[in-house]
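K.L.:
Got a structure for you, written out below as structure tokens; questions coming shortly.
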Amino acid sequence: MVAAQPRQGEINMRHKLGIFVLFSAVILGAVFYNAGNVSATPVDPPGSFSGTTLAVGKFGSFDVFNTKAIEDLSALKPRKKMWMSMQKTKGTSDVYVQSNLWNAGGSTGWHTHPGHSLIIVTAGEITTYDGDDPSCTPHVYRVGEGIVDHGGDHVHNIRNEGSVAASTIAVQVIPARPDGSSSASDRRVDAANPGNCPF
């Protein structure tokens, strides 16, 4: 009996899955390795915000696409729902793992980023405001919830409007410098107050 050869589509999907798993493992490894090496920063007076880079890595261009059929048993007639993840970059990227801390009343100030961020709330709660929202609608996120910050021209302000400290872990993908160097100052772009909120 001769073993069946995998089809080209199966090989490509396995390759893409391998890249995704490797990318995820590098980020998670950096978070867990560096989490033990980063000492807690003392909380300054109310109104404070601080960010600490836990890890930064350089990635060449990548194109990752994954899908998974998930059984939905909540419906009267069970069916499968499709989960999908896509990410594609062209050129070299810097990927930052960032730890952010807000004291009660703290604020990031208005800013944006040259690339997107995936943010997980790890303590307290944070409230985000979008610079292009004329009604200044607050969006509250609590421990375990995630936020996608699209970056680019998405100006926003993240505040701790609670009574206890709040923290997040963010993974940011931004374009690398042409000379191959990295600087944490590249990951944030301060923006003028858009004037849509009372603060």
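By order in the structure tokens, chains are A, B, ...; within a chain, residues start at 1; ligands start at 1, following the order shown.
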Quick one: residues within 12 Å of Asp130 (chain A), only C-alpha atoms, excluding same-chain residues fewer than 4 positions away - as a compact mmCIF listing (two decimals) with C-alpha atoms, in the first residue's frame?
P.N.:
```txt
# COMPACT_ATOMS: atom_id res chain seq x y z
CA GLY A 109 -3.08 61.16 26.56
CA TRP A 110 -4.20 61.37 22.94
CA HIS A 111 -2.00 59.27 20.65
CA THR A 112 -1.87 56.65 17.92
CA PRO A 134 -18.12 63.45 18.37
CA SER A 135 -20.13 62.05 21.30
CA CYS A 136 -16.99 60.97 23.23
CA THR A 137 -18.49 57.54 23.97
CA PRO A 138 -16.62 55.63 26.71
CA HIS A 139 -15.74 51.96 26.02
CA ASP A 149 -6.23 49.09 18.36
CA HIS A 150 -6.06 49.56 14.59
CA GLY A 151 -3.27 52.14 14.75
CA ASP A 153 -4.79 57.42 11.99
CA HIS A 154 -6.87 55.98 14.87
CA VAL A 155 -6.26 58.64 17.55
CA HIS A 156 -7.39 57.52 20.99
CA ASN A 157 -6.98 58.04 24.72
CA ILE A 158 -6.97 55.22 27.28
CA ARG A 159 -7.89 56.20 30.83
CA ALA A 191 -1.54 63.51 18.88
CA ASN A 193 -6.36 66.85 21.64
CA PRO A 194 -9.16 66.45 19.05
CA GLY A 195 -11.50 68.48 21.29
CA ASN A 196 -14.38 66.00 21.25
CA CYS A 197 -14.10 65.12 24.97
```
K.L.:
Find the residues near Val95 (chain A): any atom within 8 Å, counting only C-alpha atoms, skip ones fewer than 6 places away on the same chain, and give them as a PDB file with N, CA and C atoms, in the first residue's frame.
P.N.:
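Result file around29.pdb:
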```
ATOM      1  N   VAL A  56      11.107  42.896  22.378  1.00  0.00           N
ATOM      2  CA  VAL A  56      10.940  43.365  21.004  1.00  0.00           C
ATOM      3  C   VAL A  56      11.636  42.365  20.092  1.00  0.00           C
ATOM      4  N   GLY A  57      10.990  42.046  18.984  1.00  0.00           N
ATOM      5  CA  GLY A  57      11.568  41.102  18.030  1.00  0.00           C
ATOM      6  C   GLY A  57      11.365  41.586  16.605  1.00  0.00           C
ATOM      7  N   LYS A  58      12.260  41.210  15.738  1.00  0.00           N
ATOM      8  CA  LYS A  58      12.205  41.599  14.332  1.00  0.00           C
ATOM      9  C   LYS A  58      11.666  40.426  13.519  1.00  0.00           C
ATOM     10  N   PHE A  59      10.711  40.723  12.638  1.00  0.00           N
ATOM     11  CA  PHE A  59      10.101  39.701  11.789  1.00  0.00           C
ATOM     12  C   PHE A  59      10.170  40.150  10.344  1.00  0.00           C
ATOM     13  N   VAL A 171       0.540  43.683  22.504  1.00  0.00           N
ATOM     14  CA  VAL A 171       1.438  43.199  21.466  1.00  0.00           C
ATOM     15  C   VAL A 171       1.219  44.118  20.272  1.00  0.00           C
ATOM     16  N   GLN A 172       2.280  44.794  19.844  1.00  0.00           N
ATOM     17  CA  GLN A 172       2.186  45.793  18.779  1.00  0.00           C
ATOM     18  C   GLN A 172       3.062  45.393  17.610  1.00  0.00           C
ATOM     19  N   VAL A 173       2.510  45.504  16.410  1.00  0.00           N
ATOM     20  CA  VAL A 173       3.254  45.231  15.182  1.00  0.00           C
ATOM     21  C   VAL A 173       3.402  46.559  14.449  1.00  0.00           C
ATOM     22  N   ILE A 174       4.660  46.999  14.272  1.00  0.00           N
ATOM     23  CA  ILE A 174       4.915  48.280  13.604  1.00  0.00           C
ATOM     24  C   ILE A 174       6.006  48.100  12.557  1.00  0.00           C
TER      25      ILE A 174
END
```
K.L.:
Expressed in Å to a single decimal, how great is the separation between CA of Ser99 (chain A) and CA of Ser167 (chain A)?
P.N.:
7.3 Å
K.L.:
Determine, counting only C-alpha atoms, which protein, DNA and RNA residues have an atom within 7 Å of an atom of Gln87 (chain A); residues of the same chain fewer than 3 positions away are not included. Present the result as an MDAnalysis selection string.
P.N.:
chainID A and resid 63:65
K.L.:
Looking only at the backbone, which of the residues in region 34-196 of chain A does DSSP tag as helix (DSSP H, G or I), as a VMD selection string?
P.N.:
chain A and resid 34 to 35 184 to 187
K.L.:
Could you please take those selected residues and save N, CA and C atoms as a short mmCIF file (atom, residue, chain, number, x, y, z; two decimals), in the first residue's frame?
P.N.:
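The result, written out as result25.cif:
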```cif
data_model
loop_
_atom_site.label_atom_id
_atom_site.label_comp_id
_atom_site.auth_asym_id
_atom_site.auth_seq_id
_atom_site.Cartn_x
_atom_site.Cartn_y
_atom_site.Cartn_z
N ASN A 34 10.17 37.39 30.35
CA ASN A 34 10.46 38.72 30.85
C ASN A 34 9.57 39.13 32.01
N ALA A 35 8.40 38.52 32.15
CA ALA A 35 7.52 38.89 33.25
C ALA A 35 8.21 38.65 34.59
N ALA A 184 11.82 52.08 21.06
CA ALA A 184 10.47 52.07 21.62
C ALA A 184 9.73 53.37 21.30
N SER A 185 10.46 54.45 21.03
CA SER A 185 9.79 55.71 20.70
C SER A 185 9.06 55.63 19.36
N ASP A 186 9.39 54.64 18.52
CA ASP A 186 8.72 54.48 17.22
C ASP A 186 7.30 53.94 17.37
N ARG A 187 6.98 53.31 18.50
CA ARG A 187 5.70 52.62 18.62
C ARG A 187 4.55 53.53 19.03
#
```
K.L.:
How far is it from CA of Thr108 (chain A) to CA of Glu145 (chain A), in Å with one decimal?
P.N.:
18.6 Å
K.L.:
Expressed in Å to a single decimal, how great is the separation between CA of Tyr129 (chain A) and CA of Pro175 (chain A)?
P.N.:
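Computing the Euclidean distance for CA of Tyr129 (chain A) and CA of Pro175 (chain A) yields 24.8 Å.
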K.L.:
Can you build me a table of region 85-127 of chain A residues sitting at most 12 Å from region 178-183 of chain A, with the closest atom pair per residue and its distance in Å to one decimal, using only C-alpha atoms, sorted by chain and residue number, as a Markdown table?
P.N.:
```
| residue | atom | partner | partner_atom | distance |
| --- | --- | --- | --- | --- |
| A:Gly91 | CA | A:Pro178 | CA | 9.5 |
| A:Thr92 | CA | A:Pro178 | CA | 8.4 |
| A:Ser93 | CA | A:Gly180 | CA | 9.6 |
| A:Asp94 | CA | A:Ser182 | CA | 7.3 |
| A:Val95 | CA | A:Ser182 | CA | 9.9 |
| A:Tyr96 | CA | A:Ser182 | CA | 10.0 |
```
K.L.:
Which is closest to Gly105 (chain A) among A:Ile119, A:Met82, A:Leu76, A:Ile126, if we use only C-alpha atoms?
P.N.:
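Closest to Gly105 (chain A), using only C-alpha atoms: A:Ile126.
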K.L.:
Which residues come within 9 Å of Val140 (chain A), counting only C-alpha atoms, excluding same-chain residues fewer than 3 positions away, as a list in words?
P.N.:
Glu125, Ile126, Thr127 and Thr128 of chain A
